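coords_32.tsv (TSV, N, CA and C atoms) appears below.
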```
chain	number	residue	atom	x	y	z
A	1	MET	N	-4.35	-3.50	23.04
A	1	MET	CA	-3.74	-3.43	21.73
A	1	MET	C	-4.47	-4.39	20.79
A	2	THR	N	-4.83	-3.87	19.62
A	2	THR	CA	-5.47	-4.70	18.61
A	2	THR	C	-4.40	-5.42	17.83
A	3	SER	N	-4.51	-6.72	17.73
A	3	SER	CA	-3.56	-7.51	16.98
A	3	SER	C	-4.31	-8.36	15.97
A	4	ILE	N	-3.69	-8.60	14.85
A	4	ILE	CA	-4.28	-9.42	13.81
A	4	ILE	C	-4.09	-10.88	14.21
A	5	PRO	N	-5.16	-11.69	14.19
A	5	PRO	CA	-4.99	-13.12	14.50
A	5	PRO	C	-4.00	-13.74	13.51
A	6	SER	N	-3.19	-14.66	13.97
A	6	SER	CA	-2.16	-15.26	13.11
A	6	SER	C	-2.77	-15.90	11.87
A	7	SER	N	-4.00	-16.39	11.98
A	7	SER	CA	-4.65	-16.99	10.82
A	7	SER	C	-4.99	-15.94	9.75
A	8	SER	N	-5.08	-14.67	10.17
A	8	SER	CA	-5.38	-13.58	9.24
A	8	SER	C	-4.12	-12.86	8.77
A	9	GLN	N	-3.00	-13.20	9.35
A	9	GLN	CA	-1.75	-12.53	9.02
A	9	GLN	C	-1.40	-12.75	7.55
A	10	LEU	N	-1.02	-11.67	6.89
A	10	LEU	CA	-0.66	-11.76	5.48
A	10	LEU	C	0.76	-12.27	5.33
A	11	GLU	N	1.04	-12.87	4.18
A	11	GLU	CA	2.39	-13.35	3.89
A	11	GLU	C	3.34	-12.18	3.61
A	12	SER	N	2.91	-11.27	2.73
A	12	SER	CA	3.82	-10.17	2.37
A	12	SER	C	3.06	-8.88	2.08
A	13	VAL	N	3.74	-7.79	2.41
A	13	VAL	CA	3.21	-6.44	2.22
A	13	VAL	C	4.29	-5.58	1.58
A	14	MET	N	3.85	-4.68	0.71
A	14	MET	CA	4.74	-3.71	0.08
A	14	MET	C	4.27	-2.32	0.52
A	15	ILE	N	5.22	-1.51	0.99
A	15	ILE	CA	4.91	-0.12	1.36
A	15	ILE	C	5.74	0.78	0.45
A	16	ILE	N	5.07	1.71	-0.22
A	16	ILE	CA	5.75	2.60	-1.16
A	16	ILE	C	5.52	4.04	-0.73
A	17	ASP	N	6.59	4.69	-0.32
A	17	ASP	CA	6.54	6.08	0.10
A	17	ASP	C	7.93	6.67	-0.08
A	18	ASP	N	8.02	7.84	-0.66
A	18	ASP	CA	9.33	8.45	-0.88
A	18	ASP	C	9.95	8.95	0.43
A	19	ASN	N	9.14	9.06	1.48
A	19	ASN	CA	9.63	9.52	2.78
A	19	ASN	C	10.06	8.29	3.61
A	20	GLU	N	11.36	8.16	3.83
A	20	GLU	CA	11.89	7.00	4.54
A	20	GLU	C	11.33	6.88	5.96
A	21	MET	N	11.15	8.01	6.63
A	21	MET	CA	10.63	7.97	8.00
A	21	MET	C	9.18	7.45	8.02
A	22	ASP	N	8.37	7.88	7.05
A	22	ASP	CA	7.00	7.37	6.97
A	22	ASP	C	7.01	5.87	6.70
A	23	ASN	N	7.90	5.44	5.80
A	23	ASN	CA	8.01	4.00	5.51
A	23	ASN	C	8.33	3.22	6.77
A	24	LEU	N	9.33	3.68	7.52
A	24	LEU	CA	9.74	2.98	8.74
A	24	LEU	C	8.63	2.99	9.79
A	25	LEU	N	7.97	4.13	9.96
A	25	LEU	CA	6.89	4.23	10.94
A	25	LEU	C	5.75	3.28	10.57
A	26	ASN	N	5.37	3.25	9.30
A	26	ASN	CA	4.29	2.36	8.87
A	26	ASN	C	4.68	0.89	9.04
A	27	LYS	N	5.94	0.59	8.76
A	27	LYS	CA	6.43	-0.78	8.95
A	27	LYS	C	6.34	-1.18	10.42
A	28	ILE	N	6.77	-0.30	11.30
A	28	ILE	CA	6.74	-0.57	12.75
A	28	ILE	C	5.30	-0.81	13.21
A	29	ILE	N	4.37	0.01	12.73
A	29	ILE	CA	2.96	-0.14	13.11
A	29	ILE	C	2.43	-1.50	12.65
A	30	LEU	N	2.72	-1.88	11.42
A	30	LEU	CA	2.24	-3.17	10.90
A	30	LEU	C	2.89	-4.34	11.64
A	31	GLU	N	4.18	-4.23	11.94
A	31	GLU	CA	4.87	-5.29	12.68
A	31	GLU	C	4.32	-5.43	14.09
A	32	LYS	N	4.06	-4.30	14.74
A	32	LYS	CA	3.55	-4.30	16.11
A	32	LYS	C	2.23	-5.07	16.21
A	33	HIS	N	1.45	-5.04	15.13
A	33	HIS	CA	0.14	-5.69	15.14
A	33	HIS	C	0.11	-6.98	14.34
A	34	ASN	N	1.31	-7.53	14.06
A	34	ASN	CA	1.42	-8.81	13.34
A	34	ASN	C	0.61	-8.85	12.05
A	35	PHE	N	0.64	-7.75	11.30
A	35	PHE	CA	-0.16	-7.66	10.08
A	35	PHE	C	0.37	-8.56	8.97
A	36	SER	N	1.71	-8.70	8.91
A	36	SER	CA	2.30	-9.48	7.82
A	36	SER	C	3.59	-10.14	8.28
A	37	LYS	N	3.91	-11.27	7.64
A	37	LYS	CA	5.17	-11.96	7.94
A	37	LYS	C	6.35	-11.25	7.31
A	38	SER	N	6.13	-10.60	6.16
A	38	SER	CA	7.21	-9.95	5.43
A	38	SER	C	6.74	-8.57	4.94
A	39	ILE	N	7.56	-7.55	5.18
A	39	ILE	CA	7.22	-6.19	4.75
A	39	ILE	C	8.38	-5.64	3.94
A	40	GLN	N	8.10	-5.31	2.69
A	40	GLN	CA	9.10	-4.73	1.78
A	40	GLN	C	8.86	-3.24	1.66
A	41	LEU	N	9.92	-2.45	1.89
A	41	LEU	CA	9.82	-1.00	1.78
A	41	LEU	C	10.41	-0.53	0.46
A	42	TYR	N	9.70	0.38	-0.19
A	42	TYR	CA	10.17	0.99	-1.43
A	42	TYR	C	10.07	2.50	-1.31
A	43	ASN	N	11.18	3.20	-1.63
A	43	ASN	CA	11.16	4.66	-1.70
A	43	ASN	C	10.82	5.12	-3.11
A	44	SER	N	10.89	4.20	-4.05
A	44	SER	CA	10.67	4.52	-5.46
A	44	SER	C	9.48	3.73	-6.01
A	45	PRO	N	8.42	4.44	-6.42
A	45	PRO	CA	7.29	3.72	-7.02
A	45	PRO	C	7.68	3.06	-8.35
A	46	THR	N	8.62	3.64	-9.06
A	46	THR	CA	9.09	3.05	-10.32
A	46	THR	C	9.76	1.71	-10.07
A	47	ALA	N	10.59	1.63	-9.04
A	47	ALA	CA	11.25	0.37	-8.68
A	47	ALA	C	10.21	-0.66	-8.24
A	48	ALA	N	9.19	-0.21	-7.53
A	48	ALA	CA	8.13	-1.13	-7.08
A	48	ALA	C	7.37	-1.69	-8.28
A	49	ILE	N	7.02	-0.85	-9.23
A	49	ILE	CA	6.32	-1.31	-10.45
A	49	ILE	C	7.20	-2.30	-11.21
A	50	LYS	N	8.49	-2.02	-11.28
A	50	LYS	CA	9.43	-2.91	-11.99
A	50	LYS	C	9.44	-4.29	-11.32
A	51	ASP	N	9.57	-4.32	-9.99
A	51	ASP	CA	9.61	-5.60	-9.28
A	51	ASP	C	8.28	-6.35	-9.38
A	52	LEU	N	7.17	-5.63	-9.36
A	52	LEU	CA	5.86	-6.27	-9.52
A	52	LEU	C	5.71	-6.84	-10.92
A	53	THR	N	6.12	-6.08	-11.91
A	53	THR	CA	6.02	-6.52	-13.31
A	53	THR	C	6.88	-7.74	-13.58
A	54	GLU	N	8.09	-7.74	-13.00
A	54	GLU	CA	9.03	-8.84	-13.22
A	54	GLU	C	8.75	-10.06	-12.34
A	55	GLY	N	7.76	-9.97	-11.47
A	55	GLY	CA	7.41	-11.10	-10.62
A	55	GLY	C	8.35	-11.31	-9.45
A	56	LYS	N	9.12	-10.29	-9.08
A	56	LYS	CA	10.04	-10.42	-7.95
A	56	LYS	C	9.31	-10.39	-6.62
A	57	ILE	N	8.09	-9.84	-6.64
A	57	ILE	CA	7.28	-9.78	-5.43
A	57	ILE	C	5.81	-9.88	-5.83
A	58	THR	N	5.05	-10.61	-5.01
A	58	THR	CA	3.60	-10.72	-5.20
A	58	THR	C	2.97	-10.49	-3.83
A	59	PRO	N	2.84	-9.22	-3.45
A	59	PRO	CA	2.34	-8.92	-2.11
A	59	PRO	C	0.84	-9.16	-1.96
A	60	ASP	N	0.46	-9.48	-0.73
A	60	ASP	CA	-0.96	-9.60	-0.41
A	60	ASP	C	-1.60	-8.22	-0.28
A	61	ALA	N	-0.78	-7.24	0.13
A	61	ALA	CA	-1.27	-5.88	0.29
A	61	ALA	C	-0.19	-4.91	-0.15
A	62	ILE	N	-0.63	-3.81	-0.73
A	62	ILE	CA	0.27	-2.74	-1.17
A	62	ILE	C	-0.24	-1.44	-0.58
A	63	PHE	N	0.63	-0.73	0.10
A	63	PHE	CA	0.31	0.58	0.64
A	63	PHE	C	1.11	1.60	-0.17
A	64	VAL	N	0.44	2.57	-0.77
A	64	VAL	CA	1.14	3.54	-1.60
A	64	VAL	C	0.71	4.96	-1.24
A	65	ASP	N	1.71	5.80	-1.05
A	65	ASP	CA	1.49	7.22	-0.77
A	65	ASP	C	1.00	7.92	-2.03
A	66	ILE	N	0.25	8.99	-1.88
A	66	ILE	CA	-0.21	9.74	-3.05
A	66	ILE	C	0.88	10.67	-3.57
A	67	ASN	N	1.43	11.47	-2.68
A	67	ASN	CA	2.34	12.54	-3.11
A	67	ASN	C	3.80	12.10	-3.08
A	68	MET	N	4.28	11.75	-4.26
A	68	MET	CA	5.69	11.38	-4.42
A	68	MET	C	6.19	12.09	-5.68
A	69	PRO	N	7.45	12.52	-5.68
A	69	PRO	CA	7.95	13.31	-6.81
A	69	PRO	C	8.14	12.52	-8.11
A	70	GLU	N	8.55	11.29	-8.00
A	70	GLU	CA	8.89	10.48	-9.17
A	70	GLU	C	7.65	10.01	-9.93
A	71	MET	N	6.62	9.65	-9.19
A	71	MET	CA	5.37	9.13	-9.74
A	71	MET	C	4.36	9.25	-8.61
A	72	THR	N	3.20	9.83	-8.88
A	72	THR	CA	2.21	9.94	-7.81
A	72	THR	C	1.62	8.56	-7.49
A	73	GLY	N	0.97	8.48	-6.36
A	73	GLY	CA	0.29	7.23	-6.01
A	73	GLY	C	-0.77	6.86	-7.04
A	74	PHE	N	-1.44	7.88	-7.59
A	74	PHE	CA	-2.45	7.62	-8.61
A	74	PHE	C	-1.81	7.08	-9.89
A	75	GLU	N	-0.67	7.62	-10.26
A	75	GLU	CA	0.06	7.11	-11.43
A	75	GLU	C	0.54	5.68	-11.18
A	76	PHE	N	0.94	5.41	-9.93
A	76	PHE	CA	1.33	4.05	-9.56
A	76	PHE	C	0.15	3.09	-9.76
A	77	VAL	N	-1.03	3.48	-9.28
A	77	VAL	CA	-2.20	2.61	-9.40
A	77	VAL	C	-2.52	2.36	-10.87
A	78	GLU	N	-2.43	3.39	-11.70
A	78	GLU	CA	-2.66	3.22	-13.14
A	78	GLU	C	-1.69	2.20	-13.72
A	79	ALA	N	-0.41	2.33	-13.37
A	79	ALA	CA	0.60	1.39	-13.87
A	79	ALA	C	0.37	-0.01	-13.31
A	80	PHE	N	0.01	-0.10	-12.02
A	80	PHE	CA	-0.26	-1.39	-11.38
A	80	PHE	C	-1.39	-2.12	-12.10
A	81	GLU	N	-2.44	-1.40	-12.42
A	81	GLU	CA	-3.60	-2.03	-13.06
A	81	GLU	C	-3.30	-2.52	-14.48
A	82	LYS	N	-2.21	-2.06	-15.07
A	82	LYS	CA	-1.82	-2.50	-16.42
A	82	LYS	C	-0.88	-3.71	-16.41
A	83	ILE	N	-0.39	-4.09	-15.22
A	83	ILE	CA	0.52	-5.23	-15.13
A	83	ILE	C	-0.24	-6.51	-15.45
A	84	ASN	N	0.31	-7.30	-16.33
A	84	ASN	CA	-0.35	-8.54	-16.76
A	84	ASN	C	0.17	-9.73	-15.95
A	85	ARG	N	-0.22	-9.76	-14.68
A	85	ARG	CA	0.10	-10.89	-13.79
A	85	ARG	C	-1.16	-11.20	-12.99
A	86	PRO	N	-1.92	-12.19	-13.42
A	86	PRO	CA	-3.19	-12.51	-12.76
A	86	PRO	C	-3.06	-12.73	-11.25
A	87	GLU	N	-1.92	-13.23	-10.79
A	87	GLU	CA	-1.76	-13.47	-9.35
A	87	GLU	C	-1.78	-12.18	-8.54
A	88	LEU	N	-1.60	-11.02	-9.20
A	88	LEU	CA	-1.69	-9.74	-8.49
A	88	LEU	C	-3.13	-9.31	-8.24
A	89	ASN	N	-4.08	-9.99	-8.86
A	89	ASN	CA	-5.49	-9.65	-8.66
A	89	ASN	C	-5.92	-9.82	-7.20
A	90	LYS	N	-5.20	-10.67	-6.46
A	90	LYS	CA	-5.54	-10.87	-5.04
A	90	LYS	C	-4.93	-9.79	-4.13
A	91	SER	N	-4.02	-9.01	-4.67
A	91	SER	CA	-3.36	-7.96	-3.87
A	91	SER	C	-4.34	-6.84	-3.54
A	92	ARG	N	-4.44	-6.53	-2.25
A	92	ARG	CA	-5.27	-5.40	-1.82
A	92	ARG	C	-4.41	-4.15	-1.88
A	93	LEU	N	-4.94	-3.11	-2.48
A	93	LEU	CA	-4.19	-1.88	-2.63
A	93	LEU	C	-4.80	-0.79	-1.75
A	94	TYR	N	-3.94	-0.19	-0.93
A	94	TYR	CA	-4.37	0.86	-0.01
A	94	TYR	C	-3.64	2.15	-0.36
A	95	ILE	N	-4.40	3.22	-0.50
A	95	ILE	CA	-3.81	4.55	-0.66
A	95	ILE	C	-3.58	5.08	0.74
A	96	ILE	N	-2.36	5.58	0.99
A	96	ILE	CA	-2.08	6.22	2.28
A	96	ILE	C	-1.64	7.66	2.01
A	97	SER	N	-2.16	8.57	2.80
A	97	SER	CA	-1.84	9.97	2.57
A	97	SER	C	-2.06	10.78	3.84
A	98	SER	N	-1.36	11.89	3.93
A	98	SER	CA	-1.60	12.81	5.03
A	98	SER	C	-2.80	13.70	4.69
A	99	SER	N	-3.27	13.62	3.46
A	99	SER	CA	-4.39	14.43	2.99
A	99	SER	C	-5.72	13.70	3.21
A	100	ASP	N	-6.71	14.45	3.69
A	100	ASP	CA	-8.06	13.88	3.75
A	100	ASP	C	-8.96	14.66	2.78
A	101	ASP	N	-8.33	15.18	1.72
A	101	ASP	CA	-9.02	15.95	0.69
A	101	ASP	C	-10.06	15.07	-0.01
A	102	LYS	N	-11.27	15.56	-0.10
A	102	LYS	CA	-12.38	14.80	-0.69
A	102	LYS	C	-12.10	14.43	-2.15
A	103	GLN	N	-11.42	15.30	-2.89
A	103	GLN	CA	-11.10	15.02	-4.29
A	103	GLN	C	-10.11	13.86	-4.40
A	104	ASP	N	-9.12	13.83	-3.51
A	104	ASP	CA	-8.16	12.72	-3.50
A	104	ASP	C	-8.86	11.41	-3.18
A	105	ILE	N	-9.76	11.44	-2.22
A	105	ILE	CA	-10.49	10.23	-1.82
A	105	ILE	C	-11.36	9.75	-2.98
A	106	LYS	N	-12.06	10.67	-3.61
A	106	LYS	CA	-12.91	10.32	-4.75
A	106	LYS	C	-12.08	9.73	-5.89
A	107	LYS	N	-10.94	10.35	-6.18
A	107	LYS	CA	-10.07	9.86	-7.25
A	107	LYS	C	-9.53	8.46	-6.91
A	108	ALA	N	-9.15	8.26	-5.65
A	108	ALA	CA	-8.62	6.95	-5.24
A	108	ALA	C	-9.63	5.84	-5.52
A	109	PHE	N	-10.89	6.08	-5.20
A	109	PHE	CA	-11.91	5.05	-5.38
A	109	PHE	C	-12.42	4.95	-6.81
A	110	SER	N	-11.87	5.77	-7.70
A	110	SER	CA	-12.22	5.63	-9.12
A	110	SER	C	-11.44	4.47	-9.75
A	111	PHE	N	-10.43	3.96	-9.02
A	111	PHE	CA	-9.64	2.82	-9.49
A	111	PHE	C	-10.23	1.53	-8.92
A	112	LYS	N	-10.37	0.53	-9.78
A	112	LYS	CA	-10.99	-0.74	-9.35
A	112	LYS	C	-10.14	-1.48	-8.32
A	113	SER	N	-8.82	-1.27	-8.33
A	113	SER	CA	-7.94	-2.04	-7.45
A	113	SER	C	-7.78	-1.44	-6.04
A	114	VAL	N	-8.27	-0.23	-5.82
A	114	VAL	CA	-8.08	0.41	-4.51
A	114	VAL	C	-9.11	-0.11	-3.51
A	115	SER	N	-8.61	-0.67	-2.41
A	115	SER	CA	-9.48	-1.23	-1.36
A	115	SER	C	-9.88	-0.20	-0.32
A	116	LYS	N	-8.92	0.64	0.06
A	116	LYS	CA	-9.18	1.63	1.11
A	116	LYS	C	-8.31	2.86	0.91
A	117	TYR	N	-8.76	3.96	1.49
A	117	TYR	CA	-8.01	5.20	1.55
A	117	TYR	C	-7.73	5.43	3.02
A	118	LEU	N	-6.46	5.45	3.39
A	118	LEU	CA	-6.06	5.58	4.80
A	118	LEU	C	-5.25	6.85	5.00
A	119	THR	N	-5.45	7.49	6.15
A	119	THR	CA	-4.65	8.67	6.45
A	119	THR	C	-3.46	8.28	7.32
A	120	LYS	N	-2.38	9.03	7.13
A	120	LYS	CA	-1.15	8.78	7.90
A	120	LYS	C	-1.28	9.39	9.27
A	121	PRO	N	-0.61	8.82	10.25
A	121	PRO	CA	0.07	7.53	10.19
A	121	PRO	C	-0.96	6.40	10.17
A	122	LEU	N	-0.52	5.24	9.72
A	122	LEU	CA	-1.43	4.10	9.68
A	122	LEU	C	-2.03	3.86	11.06
A	123	ASP	N	-3.29	3.50	11.05
A	123	ASP	CA	-4.02	3.19	12.27
A	123	ASP	C	-4.60	1.80	12.07
A	124	ILE	N	-4.21	0.85	12.89
A	124	ILE	CA	-4.61	-0.53	12.70
A	124	ILE	C	-6.13	-0.70	12.77
A	125	VAL	N	-6.81	0.11	13.57
A	125	VAL	CA	-8.26	0.03	13.65
A	125	VAL	C	-8.88	0.50	12.34
A	126	GLN	N	-8.37	1.62	11.81
A	126	GLN	CA	-8.83	2.13	10.51
A	126	GLN	C	-8.57	1.10	9.42
A	127	LEU	N	-7.44	0.45	9.48
A	127	LEU	CA	-7.04	-0.52	8.47
A	127	LEU	C	-7.91	-1.77	8.49
A	128	THR	N	-8.24	-2.25	9.67
A	128	THR	CA	-8.96	-3.52	9.78
A	128	THR	C	-10.48	-3.36	9.80
A	129	SER	N	-10.98	-2.12	9.89
A	129	SER	CA	-12.43	-1.92	9.89
A	129	SER	C	-12.97	-2.07	8.47
A	130	GLU	N	-14.21	-2.48	8.38
A	130	GLU	CA	-14.86	-2.68	7.06
A	130	GLU	C	-15.22	-1.37	6.44
```
Can I see the file as structure tokens?
Amino acid sequence: MTSIPSSSQLESVMIIDDNEMDNLLNKIILEKHNFSKSIQLYNSPTAAIKDLTEGKITPDAIFVDINMPEMTGFEFVEAFEKINRPELNKSRLYIISSSDDKQDIKKAFSFKSVSKYLTKPLDIVQLTSE
């Protein structure tokens, strides 16, 4: 089992997916590999943007699904990049999706804040590889 060294463990992570089961599965995977000390789950990207804007959370990493009814993952990234909180510049943003569509991948990397495009379910090797 691949585990993140405690020195590399993140303080906090935000997972945003409208599917509660996907949220729970991704949380379990990250916990199993000691990825973060704290994991916040959001079913609503709008609520996540609100909490980020208001400074209620400053995650080290954000995982956001692409296909959500309220706001797409791409719309979330657009809104995230407009938040005026310099401390969020250190947050790594990961797109997670069941799609491996080349257009989605290309669009994801058109945003300066996107670090990686990951396919569901999360795979710790995929996540930690360069």
Let me make sure I understand: among A:Leu122, A:Leu24, A:Thr128, A:Ile96, which one has the smallest atom-to-atom distance to A:Asn67 if we use only N, CA and C atoms?
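Of all the options, A:Ile96 lies closest to A:Asn67.
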What separation in Å, quoted to one decimal, exists between atom N of A:Glu31 and atom N of A:Asp60?
14.2 Å
Considering all atoms listed in the file, return as a short mmCIF file (atom, residue, chain, number, x, y, z; two decimals) with N, CA and C atoms, in the coordinates of the input whatever protein or nucleic-acid residues lie within 6 Å of A:Pro59, sequence-local ones (same chain, fewer than 6 positions apart) excluded.
```cif
data_model
loop_
_atom_site.label_atom_id
_atom_site.label_comp_id
_atom_site.auth_asym_id
_atom_site.auth_seq_id
_atom_site.Cartn_x
_atom_site.Cartn_y
_atom_site.Cartn_z
N SER A 12 2.91 -11.27 2.73
CA SER A 12 3.82 -10.17 2.37
C SER A 12 3.06 -8.88 2.08
N VAL A 13 3.74 -7.79 2.41
CA VAL A 13 3.21 -6.44 2.22
C VAL A 13 4.29 -5.58 1.58
N MET A 14 3.85 -4.68 0.71
CA MET A 14 4.74 -3.71 0.08
C MET A 14 4.27 -2.32 0.52
N SER A 91 -4.02 -9.01 -4.67
CA SER A 91 -3.36 -7.96 -3.87
C SER A 91 -4.34 -6.84 -3.54
N ARG A 92 -4.44 -6.53 -2.25
CA ARG A 92 -5.27 -5.40 -1.82
C ARG A 92 -4.41 -4.15 -1.88
#
```
Would you please extract all strand (DSSP E or B) residues from stretch 2-129 of chain A, as assigned by DSSP on the backbone, and give them as an mmCIF file with N, CA and C atoms, keeping the file's coordinate frame?
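This is the output file result_28.cif:
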```cif
data_model
loop_
_atom_site.group_PDB
_atom_site.id
_atom_site.type_symbol
_atom_site.label_atom_id
_atom_site.label_comp_id
_atom_site.auth_asym_id
_atom_site.auth_seq_id
_atom_site.Cartn_x
_atom_site.Cartn_y
_atom_site.Cartn_z
ATOM 1 N N LEU A 10 -1.020 -11.670 6.890
ATOM 2 C CA LEU A 10 -0.660 -11.760 5.480
ATOM 3 C C LEU A 10 0.760 -12.270 5.330
ATOM 4 N N GLU A 11 1.040 -12.870 4.180
ATOM 5 C CA GLU A 11 2.390 -13.350 3.890
ATOM 6 C C GLU A 11 3.340 -12.180 3.610
ATOM 7 N N SER A 12 2.910 -11.270 2.730
ATOM 8 C CA SER A 12 3.820 -10.170 2.370
ATOM 9 C C SER A 12 3.060 -8.880 2.080
ATOM 10 N N VAL A 13 3.740 -7.790 2.410
ATOM 11 C CA VAL A 13 3.210 -6.440 2.220
ATOM 12 C C VAL A 13 4.290 -5.580 1.580
ATOM 13 N N MET A 14 3.850 -4.680 0.710
ATOM 14 C CA MET A 14 4.740 -3.710 0.080
ATOM 15 C C MET A 14 4.270 -2.320 0.520
ATOM 16 N N ILE A 15 5.220 -1.510 0.990
ATOM 17 C CA ILE A 15 4.910 -0.120 1.360
ATOM 18 C C ILE A 15 5.740 0.780 0.450
ATOM 19 N N ILE A 16 5.070 1.710 -0.220
ATOM 20 C CA ILE A 16 5.750 2.600 -1.160
ATOM 21 C C ILE A 16 5.520 4.040 -0.730
ATOM 22 N N SER A 36 1.710 -8.700 8.910
ATOM 23 C CA SER A 36 2.300 -9.480 7.820
ATOM 24 C C SER A 36 3.590 -10.140 8.280
ATOM 25 N N LYS A 37 3.910 -11.270 7.640
ATOM 26 C CA LYS A 37 5.170 -11.960 7.940
ATOM 27 C C LYS A 37 6.350 -11.250 7.310
ATOM 28 N N SER A 38 6.130 -10.600 6.160
ATOM 29 C CA SER A 38 7.210 -9.950 5.430
ATOM 30 C C SER A 38 6.740 -8.570 4.940
ATOM 31 N N ILE A 39 7.560 -7.550 5.180
ATOM 32 C CA ILE A 39 7.220 -6.190 4.750
ATOM 33 C C ILE A 39 8.380 -5.640 3.940
ATOM 34 N N GLN A 40 8.100 -5.310 2.690
ATOM 35 C CA GLN A 40 9.100 -4.730 1.780
ATOM 36 C C GLN A 40 8.860 -3.240 1.660
ATOM 37 N N LEU A 41 9.920 -2.450 1.890
ATOM 38 C CA LEU A 41 9.820 -1.000 1.780
ATOM 39 C C LEU A 41 10.410 -0.530 0.460
ATOM 40 N N TYR A 42 9.700 0.380 -0.190
ATOM 41 C CA TYR A 42 10.170 0.990 -1.430
ATOM 42 C C TYR A 42 10.070 2.500 -1.310
ATOM 43 N N ALA A 61 -0.780 -7.240 0.130
ATOM 44 C CA ALA A 61 -1.270 -5.880 0.290
ATOM 45 C C ALA A 61 -0.190 -4.910 -0.150
ATOM 46 N N ILE A 62 -0.630 -3.810 -0.730
ATOM 47 C CA ILE A 62 0.270 -2.740 -1.170
ATOM 48 C C ILE A 62 -0.240 -1.440 -0.580
ATOM 49 N N PHE A 63 0.630 -0.730 0.100
ATOM 50 C CA PHE A 63 0.310 0.580 0.640
ATOM 51 C C PHE A 63 1.110 1.600 -0.170
ATOM 52 N N VAL A 64 0.440 2.570 -0.770
ATOM 53 C CA VAL A 64 1.140 3.540 -1.600
ATOM 54 C C VAL A 64 0.710 4.960 -1.240
ATOM 55 N N ASP A 65 1.710 5.800 -1.050
ATOM 56 C CA ASP A 65 1.490 7.220 -0.770
ATOM 57 C C ASP A 65 1.000 7.920 -2.030
ATOM 58 N N ARG A 92 -4.440 -6.530 -2.250
ATOM 59 C CA ARG A 92 -5.270 -5.400 -1.820
ATOM 60 C C ARG A 92 -4.410 -4.150 -1.880
ATOM 61 N N LEU A 93 -4.940 -3.110 -2.480
ATOM 62 C CA LEU A 93 -4.190 -1.880 -2.630
ATOM 63 C C LEU A 93 -4.800 -0.790 -1.750
ATOM 64 N N TYR A 94 -3.940 -0.190 -0.930
ATOM 65 C CA TYR A 94 -4.370 0.860 -0.010
ATOM 66 C C TYR A 94 -3.640 2.150 -0.360
ATOM 67 N N ILE A 95 -4.400 3.220 -0.500
ATOM 68 C CA ILE A 95 -3.810 4.550 -0.660
ATOM 69 C C ILE A 95 -3.580 5.080 0.740
ATOM 70 N N ILE A 96 -2.360 5.580 0.990
ATOM 71 C CA ILE A 96 -2.080 6.220 2.280
ATOM 72 C C ILE A 96 -1.640 7.660 2.010
ATOM 73 N N SER A 97 -2.160 8.570 2.800
ATOM 74 C CA SER A 97 -1.840 9.970 2.570
ATOM 75 C C SER A 97 -2.060 10.780 3.840
ATOM 76 N N VAL A 114 -8.270 -0.230 -5.820
ATOM 77 C CA VAL A 114 -8.080 0.410 -4.510
ATOM 78 C C VAL A 114 -9.110 -0.110 -3.510
ATOM 79 N N SER A 115 -8.610 -0.670 -2.410
ATOM 80 C CA SER A 115 -9.480 -1.230 -1.360
ATOM 81 C C SER A 115 -9.880 -0.200 -0.320
ATOM 82 N N LYS A 116 -8.920 0.640 0.060
ATOM 83 C CA LYS A 116 -9.180 1.630 1.110
ATOM 84 C C LYS A 116 -8.310 2.860 0.910
ATOM 85 N N TYR A 117 -8.760 3.960 1.490
ATOM 86 C CA TYR A 117 -8.010 5.200 1.550
ATOM 87 C C TYR A 117 -7.730 5.430 3.020
ATOM 88 N N LEU A 118 -6.460 5.450 3.390
ATOM 89 C CA LEU A 118 -6.060 5.580 4.800
ATOM 90 C C LEU A 118 -5.250 6.850 5.000
ATOM 91 N N THR A 119 -5.450 7.490 6.150
ATOM 92 C CA THR A 119 -4.650 8.670 6.450
ATOM 93 C C THR A 119 -3.460 8.280 7.320
#
```
Rows by chain and residue number, stretch 103-124 of chain A within 8 Å of stretch 74-85 of chain A, shortest pair, all atoms listed in the file, as CSV:
```
residue,atom,partner,partner_atom,distance
A:Lys107,C,A:Phe74,CA,7.3
A:Ala108,CA,A:Phe74,CA,7.1
A:Phe111,CA,A:Val77,C,7.3
A:Lys112,N,A:Glu81,CA,7.9
A:Ser113,N,A:Glu81,CA,7.1
A:Val114,N,A:Val77,CA,7.6
```
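Of the listed residues (A:Lys102, A:Ala61, A:Ser44, A:Leu88), A:Ala61 comes nearest to A:Leu30; the distances count only C-alpha atoms.
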Protein, DNA and RNA residues within 5 Å of (5.6, -2.8, 6.3), only N, CA and C atoms, as a short mmCIF file (atom, residue, chain, number, x, y, z; two decimals) with N, CA and C atoms, keeping the file's coordinate frame:
```
data_model
loop_
_atom_site.label_atom_id
_atom_site.label_comp_id
_atom_site.auth_asym_id
_atom_site.auth_seq_id
_atom_site.Cartn_x
_atom_site.Cartn_y
_atom_site.Cartn_z
N ASN A 26 5.37 3.25 9.30
CA ASN A 26 4.29 2.36 8.87
C ASN A 26 4.68 0.89 9.04
N LYS A 27 5.94 0.59 8.76
CA LYS A 27 6.43 -0.78 8.95
C LYS A 27 6.34 -1.18 10.42
N ILE A 39 7.56 -7.55 5.18
CA ILE A 39 7.22 -6.19 4.75
C ILE A 39 8.38 -5.64 3.94
#
```
Where is the centre and how long are the edges: axis-aligned box on stretch 46-51 of chain A, 3 Å on each side, Å to one decimal, as JSON:
```
{"center_x": 8.8, "center_y": -1.4, "center_z": -9.5, "size_x": 10.9, "size_y": 16.0, "size_z": 10.9}
```
Among chain A, which ones does DSSP assign to alpha helix (DSSP H) (computed from the backbone)? Answer as a VMD selection string.
chain A and resid 20 to 32 45 to 53 73 to 82 102 to 108 124 to 128
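The closest residue to A:Ile62, picked from A:Ile16, A:Met21, A:Ile105, A:Ala47 and counting all atoms listed in the file, is A:Ile16.
Coordinates place atom CA of A:Met71 at a distance of 15.4 Å from atom N of A:Thr53.
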Coordinates-based distance that separates atom N of A:Ile49 from atom C of A:Leu127 (Å, one decimal):
23.2 Å
I'd like to know which of A:Gln126, A:Gln103, A:Ile95, A:Ser8 is closest to A:Gly73, using all atoms listed in the file.
A:Ile95
